[in-house]
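Asker: Got a file for you: protein_31.pdb, PDB, C-alpha atoms.
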```pdb
ATOM      1  CA  VAL A   1      27.968   9.739 -80.998  1.00  0.00           C
ATOM      2  CA  LEU A   2      25.969   6.503 -81.230  1.00  0.00           C
ATOM      3  CA  ARG A   3      29.128   4.563 -81.996  1.00  0.00           C
ATOM      4  CA  GLU A   4      30.852   5.848 -78.844  1.00  0.00           C
ATOM      5  CA  LEU A   5      27.784   5.090 -76.731  1.00  0.00           C
ATOM      6  CA  GLY A   6      27.678   1.554 -78.121  1.00  0.00           C
ATOM      7  CA  ALA A   7      31.359   1.093 -77.341  1.00  0.00           C
ATOM      8  CA  LEU A   8      30.863   2.338 -73.760  1.00  0.00           C
ATOM      9  CA  ILE A   9      27.904   0.021 -73.241  1.00  0.00           C
ATOM     10  CA  LEU A  10      29.883  -2.915 -74.616  1.00  0.00           C
ATOM     11  CA  LEU A  11      32.829  -2.047 -72.372  1.00  0.00           C
ATOM     12  CA  PHE A  12      30.535  -1.898 -69.336  1.00  0.00           C
ATOM     13  CA  ILE A  13      28.967  -5.279 -70.199  1.00  0.00           C
ATOM     14  CA  VAL A  14      32.393  -6.889 -70.650  1.00  0.00           C
ATOM     15  CA  ALA A  15      33.705  -5.451 -67.364  1.00  0.00           C
ATOM     16  CA  TRP A  16      30.511  -6.524 -65.536  1.00  0.00           C
ATOM     17  CA  SER A  17      30.768 -10.077 -66.916  1.00  0.00           C
ATOM     18  CA  ILE A  18      34.473 -10.429 -66.174  1.00  0.00           C
ATOM     19  CA  TYR A  19      34.041  -9.238 -62.586  1.00  0.00           C
ATOM     20  CA  TRP A  20      31.198 -11.634 -61.739  1.00  0.00           C
ATOM     21  CA  LYS A  21      32.694 -14.563 -63.664  1.00  0.00           C
ATOM     22  CA  GLY A  22      36.008 -14.093 -61.861  1.00  0.00           C
ATOM     23  CA  MET A  23      34.356 -13.952 -58.444  1.00  0.00           C
ATOM     24  CA  ALA A  24      32.222 -17.036 -59.095  1.00  0.00           C
ATOM     25  CA  LEU A  25      35.091 -19.045 -60.624  1.00  0.00           C
ATOM     26  CA  TRP A  26      37.338 -18.182 -57.695  1.00  0.00           C
ATOM     27  CA  LYS A  27      34.692 -19.265 -55.191  1.00  0.00           C
ATOM     28  CA  ALA A  28      33.903 -22.515 -57.054  1.00  0.00           C
ATOM     29  CA  ALA A  29      37.615 -23.356 -57.332  1.00  0.00           C
ATOM     30  CA  ARG A  30      38.236 -22.723 -53.621  1.00  0.00           C
ATOM     31  CA  LYS A  31      35.346 -24.982 -52.716  1.00  0.00           C
ATOM     32  CA  GLY A  32      36.450 -27.715 -55.154  1.00  0.00           C
ATOM     33  CA  GLU A  33      33.154 -27.620 -57.055  1.00  0.00           C
ATOM     34  CA  ASN A  34      34.402 -28.796 -60.449  1.00  0.00           C
ATOM     35  CA  ILE A  35      30.998 -29.030 -62.144  1.00  0.00           C
ATOM     36  CA  TRP A  36      30.099 -25.479 -61.145  1.00  0.00           C
ATOM     37  CA  PHE A  37      33.537 -24.270 -62.229  1.00  0.00           C
ATOM     38  CA  VAL A  38      33.147 -25.738 -65.734  1.00  0.00           C
ATOM     39  CA  ALA A  39      29.546 -24.524 -66.055  1.00  0.00           C
ATOM     40  CA  LEU A  40      30.501 -21.009 -64.998  1.00  0.00           C
ATOM     41  CA  LEU A  41      33.476 -21.027 -67.345  1.00  0.00           C
ATOM     42  CA  VAL A  42      31.523 -22.194 -70.406  1.00  0.00           C
ATOM     43  CA  ILE A  43      28.084 -20.588 -70.006  1.00  0.00           C
ATOM     44  CA  ASN A  44      27.891 -16.844 -70.625  1.00  0.00           C
ATOM     45  CA  THR A  45      24.858 -15.185 -69.031  1.00  0.00           C
ATOM     46  CA  LEU A  46      26.162 -11.636 -68.478  1.00  0.00           C
ATOM     47  CA  GLY A  47      26.825 -12.403 -64.846  1.00  0.00           C
ATOM     48  CA  ILE A  48      23.377 -13.743 -63.970  1.00  0.00           C
ATOM     49  CA  LEU A  49      24.453 -17.364 -63.380  1.00  0.00           C
ATOM     50  CA  GLU A  50      27.562 -16.176 -61.566  1.00  0.00           C
ATOM     51  CA  ILE A  51      25.566 -13.952 -59.198  1.00  0.00           C
ATOM     52  CA  LEU A  52      23.085 -16.763 -58.531  1.00  0.00           C
ATOM     53  CA  TYR A  53      25.940 -19.170 -57.787  1.00  0.00           C
ATOM     54  CA  ILE A  54      27.594 -16.772 -55.354  1.00  0.00           C
ATOM     55  CA  TYR A  55      24.469 -15.752 -53.442  1.00  0.00           C
ATOM     56  CA  VAL A  56      22.075 -18.705 -53.843  1.00  0.00           C
ATOM     57  CA  PHE A  57      23.732 -22.015 -54.721  1.00  0.00           C
ATOM     58  CA  SER A  58      27.029 -21.918 -52.852  1.00  0.00           C
ATOM     59  CA  GLU A  59      27.242 -22.219 -49.115  1.00  0.00           C
ATOM     60  CA  LYS A  60      29.494 -19.906 -47.204  1.00  0.00           C
ATOM     61  CA  LEU A  61      32.933 -21.281 -46.468  1.00  0.00           C
ATOM     62  CA  LYS A  62      33.273 -22.344 -42.872  1.00  0.00           C
ATOM     63  CA  PRO A  63      36.417 -21.166 -41.115  1.00  0.00           C
ATOM     64  CA  ILE A  64      39.001 -23.884 -40.677  1.00  0.00           C
ATOM     65  CA  ASP A  65      39.826 -24.637 -37.062  1.00  0.00           C
ATOM     66  CA  GLU A  66      43.564 -25.276 -37.134  1.00  0.00           C
ATOM     67  CA  HIS A  67      43.539 -26.610 -33.572  1.00  0.00           C
ATOM     68  CA  LYS A  68      41.218 -29.509 -34.421  1.00  0.00           C
ATOM     69  CA  GLN A  69      42.652 -32.612 -36.018  1.00  0.00           C
TER      70      GLN A  69
END
```
Please rewrite the model in this file as structure tokens.
Answerer:
Amino acid sequence: VLRELGALILLFIVAWSIYWKGMALWKAARKGENIWFVALLVINTLGILEILYIYVFSEKLKPIDEHKQ
């Protein structure tokens, strides 16, 4: 029973990390923030750094006005 619980916890942690890392990497790549992209890719913090990047350090993308040139 303990082995199955450990496996479920590990699976949850992996899924949690992959979700947040993917979201943060996608956002950093879209904004062209290479240093953040590499840091997020290399440093594993169980999603903590990724969540901070998304909600604290990155600014929201401004909509592109296609009519302006």
Asker: Find, counting all atoms listed in the file, the residue in A:Leu11, A:Val38, A:Leu25, A:Ile43 that gets nearest to Ser58 (chain A).
Answerer: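 Smallest distance to Ser58 (chain A) is found for A:Leu25.
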Asker: Identify, on the basis of only C-alpha atoms, every residue whose closest approach to Ile18 (chain A) does not exceed 12 Å; exclude the query and any residue fewer than 6 positions from it along the same chain; express the result as a PyMOL selection string.
Answerer: chain A and resi 11-12+24-26+40-41+44-48+50-51
Asker: Save the residues we just selected, C-alpha atoms, as a compact mmCIF listing (two decimals), in the coordinates of the input?
Answerer:
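Here's the written file result.txt:
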```
# COMPACT_ATOMS: atom_id res chain seq x y z
CA LEU A 11 32.83 -2.05 -72.37
CA PHE A 12 30.54 -1.90 -69.34
CA ALA A 24 32.22 -17.04 -59.10
CA LEU A 25 35.09 -19.05 -60.62
CA TRP A 26 37.34 -18.18 -57.70
CA LEU A 40 30.50 -21.01 -65.00
CA LEU A 41 33.48 -21.03 -67.34
CA ASN A 44 27.89 -16.84 -70.62
CA THR A 45 24.86 -15.18 -69.03
CA LEU A 46 26.16 -11.64 -68.48
CA GLY A 47 26.82 -12.40 -64.85
CA ILE A 48 23.38 -13.74 -63.97
CA GLU A 50 27.56 -16.18 -61.57
CA ILE A 51 25.57 -13.95 -59.20
```
Asker: Could you state the separation of CA of Lys27 (chain A) and CA of Ile13 (chain A) in Å, given to one decimal place?
Answerer: 21.3 Å
Asker: What separation in Å, quoted to one decimal, exists between CA of Val1 (chain A) and CA of Val14 (chain A)?
Answerer: 20.1 Å
Asker: Would you mind telling me which residue in A:Val42, A:Ala15, A:Leu10, A:Ala28 lies nearest to Phe57 (chain A) when using only C-alpha atoms?
Answerer: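 Closest candidate: A:Ala28.
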Asker: May I ask for the distance between CA of Gly6 (chain A) and CA of Leu49 (chain A), given in Å to one decimal place?
Answerer: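 The value is 24.2 Å.
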Asker: Edge lengths and centre, in Å to one decimal, as AutoDock Vina command-line options: that's what I need for the box along x, y and z that holds all listed atoms of region 32-51 of chain A plus 8 Å on each side.
Answerer:
```
--center_x 29.9 --center_y -20.3 --center_z -62.9 --size_x 29.1 --size_y 33.4 --size_z 31.5
```
